[in-house]
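Okay, data_14.cif now, which holds mmCIF, C-alpha atoms:
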data_model
#
loop_
_atom_site.group_PDB
_atom_site.id
_atom_site.type_symbol
_atom_site.label_atom_id
_atom_site.label_comp_id
_atom_site.auth_asym_id
_atom_site.auth_seq_id
_atom_site.Cartn_x
_atom_site.Cartn_y
_atom_site.Cartn_z
ATOM 1 C CA MET A 1 0.000 0.000 0.000
ATOM 2 C CA ALA A 2 1.390 3.399 -0.980
ATOM 3 C CA LYS A 3 2.114 5.825 1.825
ATOM 4 C CA GLU A 4 -0.178 8.841 2.059
ATOM 5 C CA LYS A 5 1.600 11.946 0.802
ATOM 6 C CA LEU A 6 1.465 14.790 3.289
ATOM 7 C CA SER A 7 1.240 18.442 2.375
ATOM 8 C CA LYS A 8 4.000 20.733 3.679
ATOM 9 C CA GLU A 9 1.642 22.036 6.386
ATOM 10 C CA GLU A 10 0.628 18.516 7.456
ATOM 11 C CA PHE A 11 4.270 17.387 7.458
ATOM 12 C CA ASP A 12 5.343 20.374 9.592
ATOM 13 C CA GLU A 13 2.527 19.742 12.066
ATOM 14 C CA LYS A 14 3.146 15.985 12.333
ATOM 15 C CA TYR A 15 6.899 16.254 12.771
ATOM 16 C CA ASN A 16 6.869 19.458 14.860
ATOM 17 C CA TRP A 17 8.821 21.541 12.344
ATOM 18 C CA SER A 18 6.325 24.352 11.899
ATOM 19 C CA ASP A 19 7.895 26.968 14.176
ATOM 20 C CA LEU A 20 11.566 25.983 14.416
ATOM 21 C CA PRO A 21 13.970 28.930 14.340
ATOM 22 C CA LYS A 22 16.463 29.014 11.495
ATOM 23 C CA THR A 23 19.815 27.345 12.080
ATOM 24 C CA SER A 24 22.106 29.997 13.556
ATOM 25 C CA ASN A 25 25.391 28.173 12.867
ATOM 26 C CA ARG A 26 25.379 25.398 10.272
ATOM 27 C CA ILE A 27 28.810 24.070 11.256
ATOM 28 C CA ALA A 28 27.787 23.764 14.918
ATOM 29 C CA TYR A 29 24.440 22.235 13.943
ATOM 30 C CA THR A 30 26.066 19.632 11.667
ATOM 31 C CA TYR A 31 28.585 18.749 14.380
ATOM 32 C CA ARG A 32 25.884 18.311 17.015
ATOM 33 C CA ALA A 33 23.662 16.230 14.747
ATOM 34 C CA PHE A 34 26.599 13.978 13.820
ATOM 35 C CA MET A 35 27.707 13.585 17.447
ATOM 36 C CA LYS A 36 24.155 12.715 18.446
ATOM 37 C CA LEU A 37 24.170 9.850 15.953
ATOM 38 C CA PHE A 38 27.619 8.725 17.116
ATOM 39 C CA LEU A 39 26.594 8.698 20.785
ATOM 40 C CA ALA A 40 23.403 6.821 19.898
ATOM 41 C CA PHE A 41 25.665 4.159 18.390
ATOM 42 C CA VAL A 42 27.778 4.159 21.579
ATOM 43 C CA VAL A 43 24.676 3.714 23.748
ATOM 44 C CA GLY A 44 23.340 0.880 21.588
ATOM 45 C CA THR A 45 26.671 -0.936 21.529
ATOM 46 C CA GLY A 46 27.120 -0.405 25.259
ATOM 47 C CA ALA A 47 23.651 -1.798 25.972
ATOM 48 C CA LEU A 48 24.524 -5.035 24.171
ATOM 49 C CA VAL A 49 27.849 -5.343 26.000
ATOM 50 C CA ILE A 50 26.168 -4.770 29.368
ATOM 51 C CA ALA A 51 23.340 -7.242 28.721
ATOM 52 C CA PHE A 52 25.401 -10.064 27.227
ATOM 53 C CA ALA A 53 28.849 -9.664 28.823
ATOM 54 C CA ILE A 54 28.729 -7.655 32.044
ATOM 55 C CA PHE A 55 25.400 -8.706 33.596
ATOM 56 C CA PRO A 56 26.154 -12.463 33.290
ATOM 57 C CA VAL A 57 29.402 -11.906 35.235
ATOM 58 C CA ILE A 58 27.616 -9.864 37.904
ATOM 59 C CA ARG A 59 25.028 -12.659 38.254
ATOM 60 C CA ILE A 60 27.795 -15.123 39.167
ATOM 61 C CA PHE A 61 28.945 -13.061 42.145
ATOM 62 C CA VAL A 62 25.812 -11.186 43.241
ATOM 63 C CA HIS A 63 22.720 -13.027 44.423
ATOM 64 C CA PRO A 64 19.889 -13.534 45.291
ATOM 65 C CA ALA A 65 17.895 -11.970 42.465
ATOM 66 C CA ASP A 66 16.847 -8.851 44.406
ATOM 67 C CA ARG A 67 20.448 -7.995 45.277
ATOM 68 C CA PHE A 68 21.530 -8.555 41.676
ATOM 69 C CA ARG A 69 18.764 -6.263 40.404
ATOM 70 C CA CYS A 70 19.774 -3.446 42.787
ATOM 71 C CA THR A 71 23.437 -3.841 41.815
ATOM 72 C CA ALA A 72 22.568 -3.883 38.117
ATOM 73 C CA GLN A 73 20.450 -0.729 38.479
ATOM 74 C CA ARG A 74 23.312 1.138 40.149
ATOM 75 C CA PHE A 75 25.687 -0.036 37.423
ATOM 76 C CA VAL A 76 23.315 1.243 34.721
ATOM 77 C CA SER A 77 23.024 4.546 36.617
ATOM 78 C CA ALA A 78 26.817 4.890 36.568
ATOM 79 C CA CYS A 79 26.827 4.176 32.821
ATOM 80 C CA PHE A 80 24.217 6.866 32.231
ATOM 81 C CA ARG A 81 26.279 9.350 34.257
ATOM 82 C CA PHE A 82 29.175 8.559 31.916
ATOM 83 C CA ILE A 83 26.927 9.184 28.892
ATOM 84 C CA LEU A 84 25.889 12.538 30.374
ATOM 85 C CA PHE A 85 29.582 13.350 30.859
ATOM 86 C CA LEU A 86 30.192 12.576 27.164
ATOM 87 C CA LEU A 87 27.242 14.778 26.192
ATOM 88 C CA LYS A 88 28.727 17.617 28.238
ATOM 89 C CA ILE A 89 32.331 17.422 27.008
ATOM 90 C CA THR A 90 31.210 17.092 23.376
ATOM 91 C CA GLY A 91 29.073 20.225 23.747
ATOM 92 C CA LEU A 92 25.757 18.502 23.050
ATOM 93 C CA SER A 93 24.003 19.085 26.352
ATOM 94 C CA ASP A 94 24.211 20.262 29.950
ATOM 95 C CA LEU A 95 22.348 19.052 33.020
ATOM 96 C CA VAL A 96 21.296 21.541 35.715
ATOM 97 C CA THR A 97 19.473 20.737 38.950
ATOM 98 C CA GLU A 98 19.215 22.435 42.313
ATOM 99 C CA SER A 99 18.199 19.124 43.926
ATOM 100 C CA LYS A 100 21.156 16.802 43.318
ATOM 101 C CA GLU A 101 21.514 15.722 46.964
ATOM 102 C CA ALA A 102 17.750 15.400 47.353
ATOM 103 C CA PHE A 103 17.605 13.055 44.336
ATOM 104 C CA LEU A 104 20.496 10.965 45.682
ATOM 105 C CA ASN A 105 18.741 10.606 49.035
ATOM 106 C CA LEU A 106 15.370 9.458 47.696
ATOM 107 C CA HIS A 107 14.181 6.084 48.969
ATOM 108 C CA SER A 108 10.921 4.209 48.433
ATOM 109 C CA LYS A 109 9.261 6.993 46.420
ATOM 110 C CA ILE A 110 7.350 7.020 43.144
ATOM 111 C CA VAL A 111 8.884 9.616 40.818
ATOM 112 C CA VAL A 112 6.660 11.011 38.056
ATOM 113 C CA ALA A 113 7.953 13.347 35.347
ATOM 114 C CA ASN A 114 7.061 14.870 32.015
ATOM 115 C CA HIS A 115 8.812 13.308 29.030
ATOM 116 C CA PRO A 116 10.068 15.815 26.411
ATOM 117 C CA SER A 117 12.884 13.643 25.005
ATOM 118 C CA ILE A 118 14.322 10.190 24.625
ATOM 119 C CA LEU A 119 17.115 11.064 27.093
ATOM 120 C CA ASP A 120 14.786 11.663 30.056
ATOM 121 C CA THR A 121 14.991 8.129 31.444
ATOM 122 C CA ALA A 122 18.790 8.183 31.375
ATOM 123 C CA ILE A 123 18.875 11.560 33.135
ATOM 124 C CA ILE A 124 16.526 10.570 35.971
ATOM 125 C CA ILE A 125 18.300 7.230 36.474
ATOM 126 C CA ALA A 126 21.653 9.046 36.541
ATOM 127 C CA LEU A 127 20.324 11.358 39.260
ATOM 128 C CA ILE A 128 18.616 8.552 41.229
ATOM 129 C CA PRO A 129 20.900 5.461 41.221
ATOM 130 C CA ASN A 130 18.438 3.262 43.135
ATOM 131 C CA SER A 131 15.553 3.574 40.685
ATOM 132 C CA THR A 132 13.387 1.126 38.786
ATOM 133 C CA VAL A 133 11.701 2.294 35.590
ATOM 134 C CA ILE A 134 8.311 1.139 34.401
ATOM 135 C CA ALA A 135 9.327 0.780 30.755
ATOM 136 C CA SER A 136 7.256 0.408 27.620
ATOM 137 C CA GLU A 137 6.958 -3.209 26.541
ATOM 138 C CA LYS A 138 8.046 -2.328 22.993
ATOM 139 C CA TYR A 139 11.494 -1.267 24.259
ATOM 140 C CA SER A 140 11.980 -4.650 25.913
ATOM 141 C CA ARG A 141 12.041 -6.150 22.412
ATOM 142 C CA GLY A 142 14.690 -3.722 21.128
ATOM 143 C CA ILE A 143 18.369 -3.116 21.662
ATOM 144 C CA LEU A 144 17.773 -2.138 25.306
ATOM 145 C CA GLY A 145 15.742 -5.265 25.966
ATOM 146 C CA GLY A 146 18.475 -7.108 27.871
ATOM 147 C CA ILE A 147 18.879 -4.250 30.348
ATOM 148 C CA ILE A 148 15.134 -3.659 30.745
ATOM 149 C CA LYS A 149 14.372 -7.319 31.460
ATOM 150 C CA ALA A 150 17.207 -7.589 33.985
ATOM 151 C CA CYS A 151 16.620 -4.320 35.880
ATOM 152 C CA TYR A 152 13.201 -2.856 35.317
ATOM 153 C CA ILE A 153 9.444 -3.483 35.105
ATOM 154 C CA VAL A 154 7.548 -3.750 31.816
ATOM 155 C CA ASN A 155 4.230 -1.905 31.570
ATOM 156 C CA SER A 156 2.437 -4.774 29.821
ATOM 157 C CA LEU A 157 1.858 -6.538 33.175
ATOM 158 C CA ASP A 158 -1.676 -6.455 34.575
ATOM 159 C CA LEU A 159 -2.267 -3.878 37.313
ATOM 160 C CA ASP A 160 -2.173 -6.326 40.228
ATOM 161 C CA GLU A 161 1.155 -7.812 39.130
ATOM 162 C CA LEU A 162 2.535 -4.354 38.356
ATOM 163 C CA CYS A 163 1.622 -3.157 41.859
ATOM 164 C CA ARG A 164 3.138 -6.300 43.411
ATOM 165 C CA ARG A 165 6.427 -5.777 41.584
ATOM 166 C CA CYS A 166 6.472 -2.092 42.527
ATOM 167 C CA ARG A 167 5.762 -2.917 46.174
ATOM 168 C CA GLU A 168 8.699 -5.352 46.225
ATOM 169 C CA THR A 169 10.944 -2.678 44.723
ATOM 170 C CA LEU A 170 9.812 0.022 47.144
ATOM 171 C CA ASP A 171 10.239 -2.328 50.122
ATOM 172 C CA LEU A 172 13.912 -2.689 49.139
ATOM 173 C CA GLY A 173 14.323 1.087 49.399
ATOM 174 C CA SER A 174 14.434 1.637 45.641
ATOM 175 C CA ASN A 175 12.340 4.230 43.816
ATOM 176 C CA VAL A 176 9.938 3.684 40.934
ATOM 177 C CA LEU A 177 10.113 6.033 37.921
ATOM 178 C CA ILE A 178 6.979 6.572 35.833
ATOM 179 C CA PHE A 179 6.280 8.894 32.899
ATOM 180 C CA PRO A 180 2.488 9.268 33.262
ATOM 181 C CA GLU A 181 1.952 10.702 29.792
ATOM 182 C CA GLY A 182 2.827 7.275 28.371
ATOM 183 C CA THR A 183 4.681 8.895 25.460
ATOM 184 C CA ARG A 184 6.942 11.868 24.864
ATOM 185 C CA THR A 185 5.626 15.362 25.611
ATOM 186 C CA PRO A 186 4.859 17.382 22.449
ATOM 187 C CA ARG A 187 6.771 20.612 21.835
ATOM 188 C CA HIS A 188 3.477 22.507 22.292
ATOM 189 C CA GLY A 189 1.042 21.763 25.071
ATOM 190 C CA HIS A 190 0.861 18.531 27.042
ATOM 191 C CA ASN A 191 -0.435 15.006 26.786
ATOM 192 C CA ARG A 192 -3.055 13.926 29.296
ATOM 193 C CA PHE A 193 -1.405 12.503 32.416
ATOM 194 C CA LYS A 194 -2.682 8.994 33.098
ATOM 195 C CA LYS A 195 -3.683 7.651 36.499
ATOM 196 C CA GLY A 196 -1.430 4.561 36.567
ATOM 197 C CA ALA A 197 1.146 6.160 38.874
ATOM 198 C CA ALA A 198 -1.648 7.281 41.212
ATOM 199 C CA ARG A 199 -3.113 3.771 41.353
ATOM 200 C CA ILE A 200 0.293 2.275 42.116
ATOM 201 C CA ALA A 201 0.922 4.876 44.827
ATOM 202 C CA LYS A 202 -2.436 4.147 46.461
ATOM 203 C CA ALA A 203 -1.840 0.376 46.297
ATOM 204 C CA THR A 204 1.694 0.580 47.730
ATOM 205 C CA GLY A 205 1.304 3.532 50.107
ATOM 206 C CA ALA A 206 4.375 5.226 48.604
ATOM 207 C CA ASN A 207 4.521 9.006 48.327
ATOM 208 C CA ILE A 208 4.964 10.644 44.910
ATOM 209 C CA ILE A 209 7.740 13.042 43.884
ATOM 210 C CA PRO A 210 6.679 15.106 40.817
ATOM 211 C CA VAL A 211 9.575 16.259 38.627
ATOM 212 C CA LEU A 212 9.690 18.827 35.827
ATOM 213 C CA ILE A 213 12.186 18.260 33.015
ATOM 214 C CA ALA A 214 12.597 21.731 31.533
ATOM 215 C CA GLY A 215 15.367 23.555 29.672
ATOM 216 C CA SER A 216 15.964 24.200 25.991
ATOM 217 C CA ASP A 217 13.841 22.856 23.150
ATOM 218 C CA LYS A 218 14.575 19.123 22.815
ATOM 219 C CA PHE A 219 13.953 19.046 19.061
ATOM 220 C CA GLY A 220 15.879 16.110 17.629
ATOM 221 C CA LEU A 221 15.093 13.864 20.591
ATOM 222 C CA GLY A 222 11.322 14.358 20.699
ATOM 223 C CA LYS A 223 8.420 12.405 19.268
ATOM 224 C CA HIS A 224 8.462 12.111 15.452
ATOM 225 C CA ASN A 225 11.615 14.248 15.117
ATOM 226 C CA PRO A 226 13.917 13.033 12.322
ATOM 227 C CA PHE A 227 16.741 10.860 13.665
ATOM 228 C CA TRP A 228 19.425 13.134 12.220
ATOM 229 C CA SER A 229 17.919 16.409 13.530
ATOM 230 C CA PHE A 230 18.930 18.611 16.472
ATOM 231 C CA ASN A 231 18.024 21.911 18.140
ATOM 232 C CA PRO A 232 18.946 24.411 15.379
ATOM 233 C CA VAL A 233 20.062 27.208 17.721
ATOM 234 C CA GLU A 234 21.823 25.819 20.800
ATOM 235 C CA LYS A 235 22.965 22.735 22.675
ATOM 236 C CA LEU A 236 20.399 20.916 24.768
ATOM 237 C CA LEU A 237 19.849 22.062 28.336
ATOM 238 C CA TYR A 238 18.151 19.704 30.781
ATOM 239 C CA HIS A 239 16.949 21.606 33.835
ATOM 240 C CA VAL A 240 15.502 19.048 36.261
ATOM 241 C CA ILE A 241 13.338 20.487 39.040
ATOM 242 C CA MET A 242 11.982 18.515 41.997
ATOM 243 C CA LEU A 243 8.480 19.650 42.985
ATOM 244 C CA LYS A 244 6.406 19.255 46.165
ATOM 245 C CA GLU A 245 6.067 15.708 47.497
ATOM 246 C CA ILE A 246 2.543 14.266 47.408
ATOM 247 C CA ASP A 247 1.606 12.586 50.698
ATOM 248 C CA ILE A 248 -0.570 9.591 49.833
ATOM 249 C CA SER A 249 -1.925 9.359 53.383
ATOM 250 C CA GLU A 250 -3.947 12.504 52.660
ATOM 251 C CA TYR A 251 -6.102 10.440 50.289
ATOM 252 C CA GLU A 252 -7.011 7.711 52.769
ATOM 253 C CA GLY A 253 -10.728 7.046 53.123
ATOM 254 C CA LEU A 254 -11.467 7.818 49.476
ATOM 255 C CA THR A 255 -12.522 5.149 47.021
ATOM 256 C CA ASP A 256 -9.778 3.956 44.678
ATOM 257 C CA PRO A 257 -11.203 5.671 41.553
ATOM 258 C CA ILE A 258 -11.659 9.030 43.309
ATOM 259 C CA SER A 259 -8.259 8.950 45.038
ATOM 260 C CA ALA A 260 -6.504 7.977 41.786
ATOM 261 C CA LYS A 261 -8.216 10.850 39.980
ATOM 262 C CA ARG A 262 -7.256 13.399 42.643
ATOM 263 C CA ILE A 263 -3.677 12.178 43.006
ATOM 264 C CA ALA A 264 -3.177 12.256 39.232
ATOM 265 C CA GLN A 265 -4.705 15.738 39.126
ATOM 266 C CA ASN A 266 -2.226 16.835 41.821
ATOM 267 C CA TYR A 267 0.952 15.754 39.987
ATOM 268 C CA SER A 268 -0.448 16.846 36.639
ATOM 269 C CA GLU A 269 -1.227 20.352 37.900
ATOM 270 C CA GLN A 270 2.124 20.677 39.678
ATOM 271 C CA ILE A 271 4.148 19.744 36.590
ATOM 272 C CA HIS A 272 2.060 21.866 34.212
ATOM 273 C CA ALA A 273 2.171 24.916 36.508
ATOM 274 C CA ALA A 274 5.941 24.609 36.965
ATOM 275 C CA ASP A 275 6.383 24.251 33.207
ATOM 276 C CA GLU A 276 4.336 27.384 32.495
ATOM 277 C CA ALA A 277 6.283 29.343 35.114
ATOM 278 C CA TYR A 278 9.592 28.170 33.633
ATOM 279 C CA LYS A 279 8.618 29.179 30.101
ATOM 280 C CA LYS A 280 7.749 32.752 31.006
ATOM 281 C CA ASP A 281 11.325 33.891 31.366
ATOM 282 C CA HIS A 282 14.318 31.676 31.902
ATOM 283 C CA PRO A 283 17.828 33.037 31.328
ATOM 284 C CA LEU A 284 19.631 29.717 30.813
ATOM 285 C CA THR A 285 18.198 28.948 27.396
ATOM 286 C CA LYS A 286 17.333 30.603 24.083
ATOM 287 C CA THR A 287 14.745 28.016 22.997
ATOM 288 C CA VAL A 288 12.641 26.998 25.998
ATOM 289 C CA ASN A 289 11.173 23.500 25.758
ATOM 290 C CA ASN A 290 7.437 23.404 24.912
ATOM 291 C CA LEU A 291 7.508 27.150 24.142
#
Show how you would write the structure in this file as structure tokens.
Amino acid sequence: MAKEKLSKEEFDEKYNWSDLPKTSNRIAYTYRAFMKLFLAFVVGTGALVIAFAIFPVIRIFVHPADRFRCTAQRFVSACFRFILFLLKITGLSDLVTESKEAFLNLHSKIVVANHPSILDTAIIIALIPNSTVIASEKYSRGILGGIIKACYIVNSLDLDELCRRCRETLDLGSNVLIFPEGTRTPRHGHNRFKKGAARIAKATGANIIPVLIAGSDKFGLGKHNPFWSFNPVEKLLYHVIMLKEIDISEYEGLTDPISAKRIAQNYSEQIHAADEAYKKDHPLTKTVNNL
């Protein structure tokens, strides 16, 4: 079947090109786009080495399974910190947060965040070494599948099993990372935040830490952006902001559907309000994400 041909306007809208500023420095843009592809290759190759060479060795010396999983998660966190270091020294991106110690000291919390780019998971895991991600099932079949199956939880599980796995993780002192939009945040506006994280929080009794991932426009790493593309004006800035903790005990006595709705409304409103406040005027970036 022939692919439907899109008009220029439809193409711009679908792939989020409609309002991109013109490239300010073509040499810098070409360098950044090339380095992005090179580092994507490094990440893919590294994922295979970790899954098929390093994890089997760790399994020999670290057991039982829970201890191996915690060790593997911390190892992956260290690898992501190295990737962020490469992104910094190559001039592709910077990471800014006022809450570094607070992230390091998180235990048994559910972390929910917006999801503007494909790097978001790596950034949060780098900041929170003892974290388990609820990952999309489709990624478990890809190049990252070996790592996801060894360390994390796949979202294709039914709710009861998902809550059981999360409760086990939280009981070990680890944190659970969820992107409640279920897909990457568009450059304009927001996706609807789903209630899955709220249901898990109510079932496990764990408090929720909302997080805003702000900074420069993440074009090139967003949904439907061409693989070879990059922010046309500047390097990527990831400004990660920890918001007010949601105390789940405040929702005791409510029915599950009502509490899930109110909890989800709480983290949704916090993240959206912080995003709007950030966009109004932020001096660290020329192209604010979701402008």
I'd like the residues picked by the PyMOL selection byres ((chain A and resi 261) around 12) written out as a PDB file with C-alpha atoms, in the frame of the given file, using the chain letters and numbers from the file.
ATOM      1  CA  PHE A 193      -1.405  12.503  32.416  1.00  0.00           C
ATOM      2  CA  LYS A 194      -2.682   8.994  33.098  1.00  0.00           C
ATOM      3  CA  LYS A 195      -3.683   7.651  36.499  1.00  0.00           C
ATOM      4  CA  GLY A 196      -1.430   4.561  36.567  1.00  0.00           C
ATOM      5  CA  ALA A 197       1.146   6.160  38.874  1.00  0.00           C
ATOM      6  CA  ALA A 198      -1.648   7.281  41.212  1.00  0.00           C
ATOM      7  CA  ARG A 199      -3.113   3.771  41.353  1.00  0.00           C
ATOM      8  CA  ALA A 201       0.922   4.876  44.827  1.00  0.00           C
ATOM      9  CA  LYS A 202      -2.436   4.147  46.461  1.00  0.00           C
ATOM     10  CA  TYR A 251      -6.102  10.440  50.289  1.00  0.00           C
ATOM     11  CA  LEU A 254     -11.467   7.818  49.476  1.00  0.00           C
ATOM     12  CA  THR A 255     -12.522   5.149  47.021  1.00  0.00           C
ATOM     13  CA  ASP A 256      -9.778   3.956  44.678  1.00  0.00           C
ATOM     14  CA  PRO A 257     -11.203   5.671  41.553  1.00  0.00           C
ATOM     15  CA  ILE A 258     -11.659   9.030  43.309  1.00  0.00           C
ATOM     16  CA  SER A 259      -8.259   8.950  45.038  1.00  0.00           C
ATOM     17  CA  ALA A 260      -6.504   7.977  41.786  1.00  0.00           C
ATOM     18  CA  ARG A 262      -7.256  13.399  42.643  1.00  0.00           C
ATOM     19  CA  ILE A 263      -3.677  12.178  43.006  1.00  0.00           C
ATOM     20  CA  ALA A 264      -3.177  12.256  39.232  1.00  0.00           C
ATOM     21  CA  GLN A 265      -4.705  15.738  39.126  1.00  0.00           C
ATOM     22  CA  ASN A 266      -2.226  16.835  41.821  1.00  0.00           C
ATOM     23  CA  TYR A 267       0.952  15.754  39.987  1.00  0.00           C
ATOM     24  CA  SER A 268      -0.448  16.846  36.639  1.00  0.00           C
ATOM     25  CA  GLU A 269      -1.227  20.352  37.900  1.00  0.00           C
TER      26      GLU A 269
END
Hey, which of A:Pro186, A:Pro283, A:Gly91, A:Gly253 ends up closest to A:Ser117? Count all atoms listed in the file.
A:Pro186
Do you know which residues the PyMOL selection byres ((chain A and resi 181) around 6) returns on this file, as number ranges by chain?
A: 179-180, 182-183, 191-194
If the PyMOL selection byres ((chain A and resi 271) around 8) were run on this exact file, what residues would it hold? Put them as a list in words.
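For this structure, the PyMOL selection byres ((chain A and resi 271) around 8) resolves to Ala113, Asn114, Pro210, Val211, Leu212, Leu243, Tyr267, Ser268, Glu269, Gln270, His272, Ala273, Ala274 and Asp275 of chain A.
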If I put a ball of radius 8 Å at (18.2, -5.6, 37.8) in the file's coordinates, which residues poke into it when counting only C-alpha atoms, written as a ChimeraX atom specification?
/A:65-66,68-73,147-152
Please provide as a ChimeraX atom specification all residues within 10 Å of stretch 129-146 of chain A, with the sequence filter that same-chain residues fewer than 6 positions apart are discarded (counting all atoms listed in the file).
/A:43-52,55,69-78,80-81,103-111,121,152-157,162,166,169-170,172-179,182-183,197
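Comparing the minimum interatomic distances between A:Ile241 and each of A:Ile128, A:Asp19, A:Val288, A:Ala214, counting only C-alpha atoms, we find that A:Ala214 sits nearest.
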What is the distance between atom CA of A:Ile209 and atom CA of A:Phe85, in Å to one decimal?
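These two atoms are separated by 25.4 Å.
The gap separating atom CA of A:Ile124 from atom CA of A:Lys100 is 10.7 Å, in Å to one decimal.
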Tell me which of A:Phe41, A:Phe219, A:Tyr31, A:Phe227 sits closest to A:Arg184, counting all atoms listed in the file.
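The closest residue to A:Arg184 is A:Phe219.
Between A:Cys79 and the candidates A:Met35, A:Ile125, A:Ile60, A:Leu95, the tightest atom-to-atom separation, counting all atoms listed in the file, involves A:Ile125.
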Work out how far apart atom CA of A:His63 and atom CA of A:Glu161 are and give it in Å to one decimal.
22.8 Å
Option closest in space to A:Ile83, from A:Ala122, A:His224, A:Lys244, A:Tyr29 [counting only C-alpha atoms]
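Of A:Ala122, A:His224, A:Lys244, A:Tyr29, the one nearest A:Ile83, counting only C-alpha atoms, is A:Ala122.
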Compute the distance from (3.2, 12.6, 45.1) to each atom, counting all atoms listed in the file, keep the residues with any atom at most 6 Å away, and return them as a PDB file with C-alpha atoms, keeping the file's coordinate frame; use the coordinates of the file.
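Output (part-v6.pdb):
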ATOM      1  CA  ASN A 207       4.521   9.006  48.327  1.00  0.00           C
ATOM      2  CA  ILE A 208       4.964  10.644  44.910  1.00  0.00           C
ATOM      3  CA  ILE A 209       7.740  13.042  43.884  1.00  0.00           C
ATOM      4  CA  GLU A 245       6.067  15.708  47.497  1.00  0.00           C
ATOM      5  CA  ILE A 246       2.543  14.266  47.408  1.00  0.00           C
ATOM      6  CA  ASP A 247       1.606  12.586  50.698  1.00  0.00           C
TER       7      ASP A 247
END
